[in-house]
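Here is the structure we will look at.
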Amino acid sequence: MTLPGTLTDPRTGLGTTFVGVSTKTYMGYAQSLAWLEQLVAEVDARPALAAGRVVPFVIPSFPVLPEAARLVAGTPLVLGAQNCGWSDGPWTGEVSPSMLVELGVEWVEIGHAERRRYFAEDEAMIALKVSAAVDAGLTPLLCVGESELLAHPAGPAAAAETVYRQIESAVSGDWSLASTLVIAYEPVWAIGAPEPASADYVSKVVRALRSALAQHGLAGIPVIYGGSAKPGLLPQLDGVSGLFLGRFAHDAANFGKVLDEALSFCTADAPKAPSKGH
């Protein structure tokens, strides 16, 4: 799937809204496939998704990818992977971007807070992975976010500056490369929390980030929110391109609810046909 280089605010109904979910390692193989079948059913029940203004994506664990590709074939669901290596070659235990493409993967998640914290992935390694993914034809879903909740009123601006620098490092200062990314803004302090960051906070961070990116012509880059995201949040956000769901979407019905919220933008803001006689 080819993504547009710039995307407008989903509230206008003129851009693209992304709704996706990662299973991390919460599910076993059989459970993952049963859940994927439920997810496909939720997508198939919403034929409006075929128009492409709402793009659903799913990111299961590595062993599931071949069968997942078969299950999502012919549906609007975009298949992603949770990580990748930085090249082919002597890298024991890694999965190369080229193999992911061969398996039917289109997106790859890079730089998640858990990878940074527990697997010692630094900015240099993340940059290698982003470059390798793009060279292989994958869309990097770059995860960024501040580590601590920053107090108002300066908090959102400071968080946006942190995120901006993370993006800059991930593309090694090559802002043309940044145009190929989807950004997942995931405040580290909100991941796994009982509630997501407030809609006001997220909206302010994303607006400040877009303002900073505007100097590179990237104000319209897709920026989705993740971090305990769940149904009911998307309609409260302003200027955010969608949601990256976690455990709340392990109930496929919740994924469907968020798809409906995203589709409502399109319905509410779609251009009206002229009435007869005008």
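Chain identifiers are assigned as A, B, and so on, following the order in which chains appear in the structure tokens; residues are numbered from 1 within each chain, and ligands are numbered from 1 in order of appearance.
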Next on the checklist: Excluding stretch 173-178 of chain A and its own-chain neighbours fewer than 2 positions away, which residues fall within 9 Å of it when counting only C-alpha atoms? Please give them as number ranges by chain.
Outcome noted: A: 130-131, 134, 167-171, 180-182, 216-218, 221
Would you mind exporting the chosen residues as a compact mmCIF listing (two decimals), in the first residue's frame, restricted to N, CA and C atoms?
```
# COMPACT_ATOMS: atom_id res chain seq x y z
N VAL A 130 15.68 2.00 10.54
CA VAL A 130 14.80 2.82 9.70
C VAL A 130 15.31 2.85 8.27
N SER A 131 16.60 3.09 8.11
CA SER A 131 17.18 3.15 6.77
C SER A 131 17.04 1.82 6.04
N VAL A 134 13.31 1.20 4.98
CA VAL A 134 12.92 2.01 3.83
C VAL A 134 13.57 1.47 2.56
N ILE A 167 12.87 11.81 16.20
CA ILE A 167 12.64 11.63 14.76
C ILE A 167 13.88 12.04 13.97
N GLU A 168 14.45 13.18 14.35
CA GLU A 168 15.66 13.66 13.67
C GLU A 168 16.78 12.63 13.74
N SER A 169 16.96 12.02 14.91
CA SER A 169 17.99 10.99 15.07
C SER A 169 17.67 9.75 14.26
N ALA A 170 16.41 9.37 14.22
CA ALA A 170 16.01 8.15 13.52
C ALA A 170 16.26 8.23 12.02
N VAL A 171 16.23 9.44 11.47
CA VAL A 171 16.48 9.60 10.03
C VAL A 171 17.86 10.20 9.78
N THR A 180 8.77 9.27 4.70
CA THR A 180 8.31 7.90 4.48
C THR A 180 7.75 7.26 5.74
N LEU A 181 7.82 7.96 6.87
CA LEU A 181 7.47 7.37 8.16
C LEU A 181 5.99 7.55 8.51
N VAL A 182 5.50 6.66 9.36
CA VAL A 182 4.32 6.91 10.17
C VAL A 182 4.83 7.01 11.60
N HIS A 216 10.33 21.58 7.67
CA HIS A 216 10.84 20.61 6.70
C HIS A 216 9.76 20.19 5.71
N GLY A 217 8.63 20.90 5.72
CA GLY A 217 7.53 20.54 4.83
C GLY A 217 6.80 19.29 5.25
N LEU A 218 6.86 18.95 6.54
CA LEU A 218 6.32 17.69 7.02
C LEU A 218 5.20 17.86 8.05
N ILE A 221 2.70 14.95 8.12
CA ILE A 221 3.11 13.56 8.31
C ILE A 221 2.14 12.85 9.25
```
Checklist entry - Could you name the residues that touch A:Leu149 at 8 Å or less, counting only C-alpha atoms, but leaving out those on the same chain fewer than 2 positions away, as JSON, numbers by chain? => result {"A": [146, 147, 151, 155, 187, 189]}
Next on the checklist: Neighbouring residues of A:Lys257 were defined as those with any atom within 9 Å, considering only C-alpha atoms; residues of the same chain fewer than 5 positions away were excluded. Please report them as an NGL selection string.
Outcome noted: :A and (231-232 or 252 or 262)
Write the residues you've just listed into a file as a PDB file, in the first residue's frame, and include N, CA, C and O atoms for each of them.
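This went into again20.pdb:
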```
ATOM      1  N   PRO A 231     -11.257   2.562  22.933  1.00  0.00           N
ATOM      2  CA  PRO A 231     -12.444   3.222  22.378  1.00  0.00           C
ATOM      3  C   PRO A 231     -12.829   4.450  23.194  1.00  0.00           C
ATOM      4  O   PRO A 231     -12.695   4.479  24.416  1.00  0.00           O
ATOM      5  N   GLY A 232     -13.283   5.479  22.490  1.00  0.00           N
ATOM      6  CA  GLY A 232     -13.713   6.718  23.116  1.00  0.00           C
ATOM      7  C   GLY A 232     -12.680   7.822  23.077  1.00  0.00           C
ATOM      8  O   GLY A 232     -13.013   8.995  23.238  1.00  0.00           O
ATOM      9  N   ALA A 252     -11.474  -8.139  19.838  1.00  0.00           N
ATOM     10  CA  ALA A 252     -11.626  -7.627  18.474  1.00  0.00           C
ATOM     11  C   ALA A 252     -12.794  -6.666  18.348  1.00  0.00           C
ATOM     12  O   ALA A 252     -12.774  -5.772  17.489  1.00  0.00           O
ATOM     13  N   ALA A 262     -13.457   6.169  13.737  1.00  0.00           N
ATOM     14  CA  ALA A 262     -12.678   6.747  12.648  1.00  0.00           C
ATOM     15  C   ALA A 262     -13.541   6.968  11.411  1.00  0.00           C
ATOM     16  O   ALA A 262     -13.444   8.007  10.741  1.00  0.00           O
TER      17      ALA A 262
END
```
Next on the checklist: Please extract the residues of stretch 41-273 of chain A with a backbone DSSP assignment of alpha helix (DSSP H) and present them as a VMD selection string.
Outcome noted: chain A and resid 41 to 44 65 to 72 97 to 102 113 to 118 123 to 136 155 to 170 175 to 178 199 to 213 252 to 269
Could you give me, as a tab-separated table, every stretch 83-156 of chain A residue with an atom at most 12 Å from stretch 18-25 of chain A, plus its closest atom pair and distance in Å to one decimal, counting only C-alpha atoms, rows ordered by chain then number?
```
residue	atom	partner	partner_atom	distance
A:Asn83	CA	A:Lys24	CA	10.3
A:Trp107	CA	A:Gly20	CA	11.1
A:Val108	CA	A:Ser22	CA	10.8
A:Glu109	CA	A:Ser22	CA	9.2
A:His112	CA	A:Lys24	CA	10.8
A:Glu114	CA	A:Lys24	CA	10.3
A:Arg115	CA	A:Lys24	CA	11.4
A:Leu141	CA	A:Gly20	CA	10.9
```
Mind checking which residues fall within 8 Å of stretch 42-58 of chain A, counting only C-alpha atoms, ignoring those fewer than 6 positions away in the same chain, and posting them as an mmCIF file with N, CA and C atoms, in the first residue's frame?
```cif
data_model
loop_
_atom_site.group_PDB
_atom_site.id
_atom_site.type_symbol
_atom_site.label_atom_id
_atom_site.label_comp_id
_atom_site.auth_asym_id
_atom_site.auth_seq_id
_atom_site.Cartn_x
_atom_site.Cartn_y
_atom_site.Cartn_z
ATOM 1 N N GLY A 13 -11.749 15.028 7.492
ATOM 2 C CA GLY A 13 -12.284 14.003 6.620
ATOM 3 C C GLY A 13 -11.582 13.940 5.287
ATOM 4 N N LEU A 14 -10.558 14.735 5.085
ATOM 5 C CA LEU A 14 -9.887 14.783 3.793
ATOM 6 C C LEU A 14 -8.565 14.034 3.794
ATOM 7 N N GLY A 15 -8.149 13.557 4.957
ATOM 8 C CA GLY A 15 -6.894 12.826 5.035
ATOM 9 C C GLY A 15 -7.149 11.357 5.283
ATOM 10 N N THR A 16 -6.182 10.713 5.918
ATOM 11 C CA THR A 16 -6.270 9.290 6.219
ATOM 12 C C THR A 16 -6.168 9.105 7.725
ATOM 13 N N THR A 17 -7.024 8.260 8.264
ATOM 14 C CA THR A 17 -6.972 7.919 9.673
ATOM 15 C C THR A 17 -6.505 6.478 9.786
ATOM 16 N N PHE A 18 -5.531 6.245 10.649
ATOM 17 C CA PHE A 18 -4.964 4.914 10.828
ATOM 18 C C PHE A 18 -5.412 4.344 12.169
ATOM 19 N N VAL A 19 -5.825 3.082 12.149
ATOM 20 C CA VAL A 19 -6.228 2.389 13.376
ATOM 21 C C VAL A 19 -5.547 1.032 13.366
ATOM 22 N N GLY A 20 -4.674 0.810 14.332
ATOM 23 C CA GLY A 20 -3.937 -0.449 14.331
ATOM 24 C C GLY A 20 -3.730 -1.015 15.707
ATOM 25 N N VAL A 21 -3.167 -2.243 15.731
ATOM 26 C CA VAL A 21 -2.967 -2.947 16.986
ATOM 27 C C VAL A 21 -1.761 -3.863 16.866
ATOM 28 N N SER A 22 -0.994 -3.934 17.964
ATOM 29 C CA SER A 22 0.092 -4.898 18.092
ATOM 30 C C SER A 22 -0.266 -5.889 19.192
ATOM 31 N N THR A 75 -8.204 -7.997 2.054
ATOM 32 C CA THR A 75 -8.899 -7.106 2.977
ATOM 33 C C THR A 75 -8.137 -5.776 3.046
ATOM 34 N N PRO A 76 -8.736 -4.745 3.620
ATOM 35 C CA PRO A 76 -8.003 -3.477 3.781
ATOM 36 C C PRO A 76 -6.916 -3.521 4.852
ATOM 37 N N LEU A 77 -6.837 -4.599 5.626
ATOM 38 C CA LEU A 77 -5.855 -4.665 6.707
ATOM 39 C C LEU A 77 -4.431 -4.661 6.162
ATOM 40 N N VAL A 78 -3.612 -3.780 6.714
ATOM 41 C CA VAL A 78 -2.189 -3.718 6.400
ATOM 42 C C VAL A 78 -1.447 -4.545 7.448
ATOM 43 N N LEU A 79 -0.541 -5.397 6.975
ATOM 44 C CA LEU A 79 0.198 -6.274 7.887
ATOM 45 C C LEU A 79 1.534 -5.645 8.263
ATOM 46 N N GLY A 80 1.826 -5.634 9.561
ATOM 47 C CA GLY A 80 3.090 -5.107 10.052
ATOM 48 C C GLY A 80 3.835 -6.131 10.881
ATOM 49 N N ALA A 252 -11.474 -8.139 19.838
ATOM 50 C CA ALA A 252 -11.626 -7.627 18.474
ATOM 51 C C ALA A 252 -12.794 -6.666 18.348
ATOM 52 N N ALA A 253 -13.805 -6.809 19.203
ATOM 53 C CA ALA A 253 -14.955 -5.905 19.144
ATOM 54 C C ALA A 253 -14.534 -4.471 19.457
ATOM 55 N N PHE A 255 -11.658 -3.156 18.678
ATOM 56 C CA PHE A 255 -11.037 -2.680 17.438
ATOM 57 C C PHE A 255 -12.120 -2.170 16.497
ATOM 58 N N GLY A 256 -13.205 -2.918 16.404
ATOM 59 C CA GLY A 256 -14.316 -2.489 15.559
ATOM 60 C C GLY A 256 -14.922 -1.179 16.021
ATOM 61 N N LEU A 259 -12.720 1.584 14.825
ATOM 62 C CA LEU A 259 -12.921 1.756 13.384
ATOM 63 C C LEU A 259 -14.175 2.582 13.115
ATOM 64 N N ALA A 262 -13.457 6.169 13.737
ATOM 65 C CA ALA A 262 -12.678 6.747 12.648
ATOM 66 C C ALA A 262 -13.541 6.968 11.411
ATOM 67 N N LEU A 263 -14.388 6.020 11.108
ATOM 68 C CA LEU A 263 -15.272 6.148 9.942
ATOM 69 C C LEU A 263 -16.254 7.295 10.109
ATOM 70 N N CYS A 266 -15.207 10.436 8.478
ATOM 71 C CA CYS A 266 -15.444 10.460 7.030
ATOM 72 C C CYS A 266 -16.904 10.771 6.714
#
```
Next on the checklist: Please return, as a ChimeraX atom specification, all residues of stretch 86-275 of chain A that DSSP assigns to strand (DSSP E or B) on the basis of the backbone.
Outcome noted: /A:107-110,139-144,182-185,223-226,242-245
Checklist entry - Using only C-alpha atoms, which residues sit within 12 Å of A:Leu71 once same-chain residues fewer than 2 positions away are excluded, as an MDAnalysis selection string? => result chainID A and resid 32:41 43:44 58 64:69 73:79 104
Written selection (C-alpha atoms) as a compact mmCIF listing (two decimals), in the first residue's frame:
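New file out_1.txt:
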```txt
# COMPACT_ATOMS: atom_id res chain seq x y z
CA SER A 32 -3.27 -15.28 17.54
CA LEU A 33 -4.84 -16.90 14.49
CA ALA A 34 -8.27 -17.15 16.10
CA TRP A 35 -8.05 -13.47 17.09
CA LEU A 36 -6.92 -12.48 13.60
CA GLU A 37 -9.96 -14.20 12.13
CA GLN A 38 -12.13 -12.11 14.46
CA LEU A 39 -10.26 -8.96 13.45
CA VAL A 40 -10.76 -9.72 9.75
CA ALA A 41 -14.47 -10.22 10.45
CA VAL A 43 -13.00 -5.22 9.04
CA ASP A 44 -15.16 -7.15 6.56
CA VAL A 58 -2.31 -5.32 12.51
CA VAL A 64 2.33 -15.69 12.93
CA LEU A 65 3.25 -13.51 9.93
CA PRO A 66 3.00 -16.07 7.08
CA GLU A 67 -0.47 -17.25 8.09
CA ALA A 68 -1.48 -13.70 8.97
CA ALA A 69 -0.60 -12.62 5.43
CA ALA A 73 -5.13 -10.98 1.86
CA GLY A 74 -7.89 -9.21 -0.03
CA THR A 75 -8.90 -7.11 2.98
CA PRO A 76 -8.00 -3.48 3.78
CA LEU A 77 -5.85 -4.67 6.71
CA VAL A 78 -2.19 -3.72 6.40
CA LEU A 79 0.20 -6.27 7.89
CA GLY A 104 3.91 -9.90 2.75
```
Checklist entry - Separation of atom CA of A:Pro90 and atom CA of A:Tyr29, in Å? => result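 That distance, rounded to one decimal, is 27.2 Å.
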Item to check | Of the listed residues A:Met27, A:Ser198, A:Ser228, A:Met125, that which approaches A:Gly85 most closely, counting only C-alpha atoms | outcome: A:Met125
Contact check, stretch 79-176 of chain A to stretch 199-209 of chain A, at most 8 Å, counting only C-alpha atoms, closest pairs as JSON lines:
```
{"residue": "A:Pro156", "atom": "CA", "partner": "A:Val205", "partner_atom": "CA", "distance": 4.6}
{"residue": "A:Ala157", "atom": "CA", "partner": "A:Ala208", "partner_atom": "CA", "distance": 6.0}
{"residue": "A:Ala159", "atom": "CA", "partner": "A:Val205", "partner_atom": "CA", "distance": 6.4}
{"residue": "A:Ala160", "atom": "CA", "partner": "A:Leu209", "partner_atom": "CA", "distance": 4.9}
{"residue": "A:Glu161", "atom": "CA", "partner": "A:Leu209", "partner_atom": "CA", "distance": 7.1}
{"residue": "A:Val163", "atom": "CA", "partner": "A:Leu209", "partner_atom": "CA", "distance": 7.4}
{"residue": "A:Tyr164", "atom": "CA", "partner": "A:Leu209", "partner_atom": "CA", "distance": 6.4}
```
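Coordinates place atom CA of A:Ile59 at a distance of 20.5 Å from atom CA of A:Glu261.
Here atom CA of A:Ile183 is placed at a distance of 4.6 Å from atom CA of A:Val223.
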Name the residues in contact with A:Val101 at a cut-off of 10 Å, using only C-alpha atoms, excluding same-chain residues fewer than 2 positions from it; report them as a short mmCIF file (atom, residue, chain, number, x, y, z; two decimals) with all heavy atoms, in the first residue's frame.
```
data_model
loop_
_atom_site.label_atom_id
_atom_site.label_comp_id
_atom_site.auth_asym_id
_atom_site.auth_seq_id
_atom_site.Cartn_x
_atom_site.Cartn_y
_atom_site.Cartn_z
N GLY A 80 1.83 -5.63 9.56
CA GLY A 80 3.09 -5.11 10.05
C GLY A 80 3.83 -6.13 10.88
O GLY A 80 3.28 -7.15 11.29
N ALA A 81 5.12 -5.85 11.12
CA ALA A 81 5.96 -6.66 12.01
C ALA A 81 6.39 -5.81 13.19
O ALA A 81 6.48 -4.59 13.09
CB ALA A 81 7.18 -7.19 11.25
N SER A 96 15.43 -10.02 8.88
CA SER A 96 15.81 -8.92 7.99
C SER A 96 14.60 -8.26 7.36
O SER A 96 13.56 -8.89 7.16
CB SER A 96 16.72 -9.45 6.87
OG SER A 96 15.99 -10.29 5.99
N PRO A 97 14.70 -6.97 7.03
CA PRO A 97 13.60 -6.30 6.33
C PRO A 97 13.23 -6.98 5.02
O PRO A 97 12.05 -7.05 4.67
CB PRO A 97 14.15 -4.89 6.10
CG PRO A 97 15.14 -4.68 7.20
CD PRO A 97 15.78 -6.03 7.39
N SER A 98 14.22 -7.49 4.29
CA SER A 98 13.92 -8.13 3.01
C SER A 98 13.07 -9.39 3.19
O SER A 98 12.19 -9.68 2.37
CB SER A 98 15.22 -8.48 2.27
OG SER A 98 16.01 -9.39 3.02
N MET A 99 13.31 -10.14 4.26
CA MET A 99 12.47 -11.32 4.52
C MET A 99 11.05 -10.91 4.89
O MET A 99 10.08 -11.56 4.49
CB MET A 99 13.07 -12.19 5.62
CG MET A 99 12.22 -13.44 5.91
SD MET A 99 12.94 -14.55 7.14
CE MET A 99 14.23 -15.33 6.16
N LEU A 103 7.49 -11.99 3.10
CA LEU A 103 6.37 -12.59 3.82
C LEU A 103 5.07 -11.82 3.64
O LEU A 103 4.03 -12.25 4.14
CB LEU A 103 6.70 -12.68 5.31
CG LEU A 103 7.77 -13.70 5.71
CD1 LEU A 103 8.12 -13.56 7.19
CD2 LEU A 103 7.30 -15.12 5.41
N GLY A 104 5.12 -10.68 2.96
CA GLY A 104 3.91 -9.90 2.75
C GLY A 104 3.71 -8.77 3.74
O GLY A 104 2.64 -8.15 3.78
N VAL A 105 4.74 -8.47 4.53
CA VAL A 105 4.68 -7.37 5.49
C VAL A 105 4.85 -6.04 4.76
O VAL A 105 5.66 -5.93 3.83
CB VAL A 105 5.76 -7.54 6.57
CG1 VAL A 105 5.87 -6.30 7.45
CG2 VAL A 105 5.46 -8.78 7.42
N GLU A 106 4.09 -5.02 5.18
CA GLU A 106 4.20 -3.69 4.58
C GLU A 106 4.75 -2.65 5.56
O GLU A 106 5.40 -1.70 5.14
CB GLU A 106 2.83 -3.23 4.08
CG GLU A 106 2.27 -4.10 2.97
CD GLU A 106 0.94 -3.58 2.45
OE1 GLU A 106 0.93 -2.48 1.88
OE2 GLU A 106 -0.07 -4.28 2.63
N TRP A 107 4.45 -2.81 6.84
CA TRP A 107 4.92 -1.87 7.86
C TRP A 107 5.82 -2.62 8.84
O TRP A 107 5.69 -3.83 9.03
CB TRP A 107 3.75 -1.29 8.65
CG TRP A 107 2.88 -0.31 7.93
CD1 TRP A 107 2.76 -0.13 6.58
CD2 TRP A 107 2.00 0.63 8.54
NE1 TRP A 107 1.85 0.85 6.31
CE2 TRP A 107 1.37 1.34 7.50
CE3 TRP A 107 1.68 0.94 9.84
CZ2 TRP A 107 0.44 2.35 7.74
CZ3 TRP A 107 0.75 1.93 10.09
CH2 TRP A 107 0.14 2.64 9.04
N VAL A 108 6.72 -1.87 9.49
CA VAL A 108 7.50 -2.47 10.56
C VAL A 108 7.64 -1.45 11.69
O VAL A 108 7.97 -0.29 11.47
CB VAL A 108 8.88 -2.95 10.06
CG1 VAL A 108 9.72 -1.81 9.48
CG2 VAL A 108 9.64 -3.65 11.18
N ALA A 133 14.83 -0.56 6.60
CA ALA A 133 13.42 -0.82 6.31
C ALA A 133 12.96 -0.07 5.07
O ALA A 133 12.30 -0.63 4.18
CB ALA A 133 12.56 -0.44 7.51
N ALA A 136 14.27 -1.50 1.90
CA ALA A 136 13.61 -2.75 1.54
C ALA A 136 12.19 -2.54 1.02
O ALA A 136 11.57 -3.47 0.52
CB ALA A 136 13.58 -3.70 2.74
N GLY A 137 11.68 -1.31 1.16
CA GLY A 137 10.32 -1.02 0.70
C GLY A 137 9.27 -1.08 1.78
O GLY A 137 8.07 -1.06 1.48
N LEU A 138 9.70 -1.13 3.04
CA LEU A 138 8.76 -1.14 4.17
C LEU A 138 8.48 0.28 4.64
O LEU A 138 9.31 1.17 4.47
CB LEU A 138 9.35 -1.94 5.33
CG LEU A 138 9.54 -3.43 5.12
CD1 LEU A 138 10.43 -4.01 6.23
CD2 LEU A 138 8.21 -4.16 5.08
#
```
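Distance annotation: of A:Phe265, A:Pro140, A:Gly192, A:Asp251, the residue with the minimal separation from A:Pro222 is A:Pro140; atom set is only C-alpha atoms.
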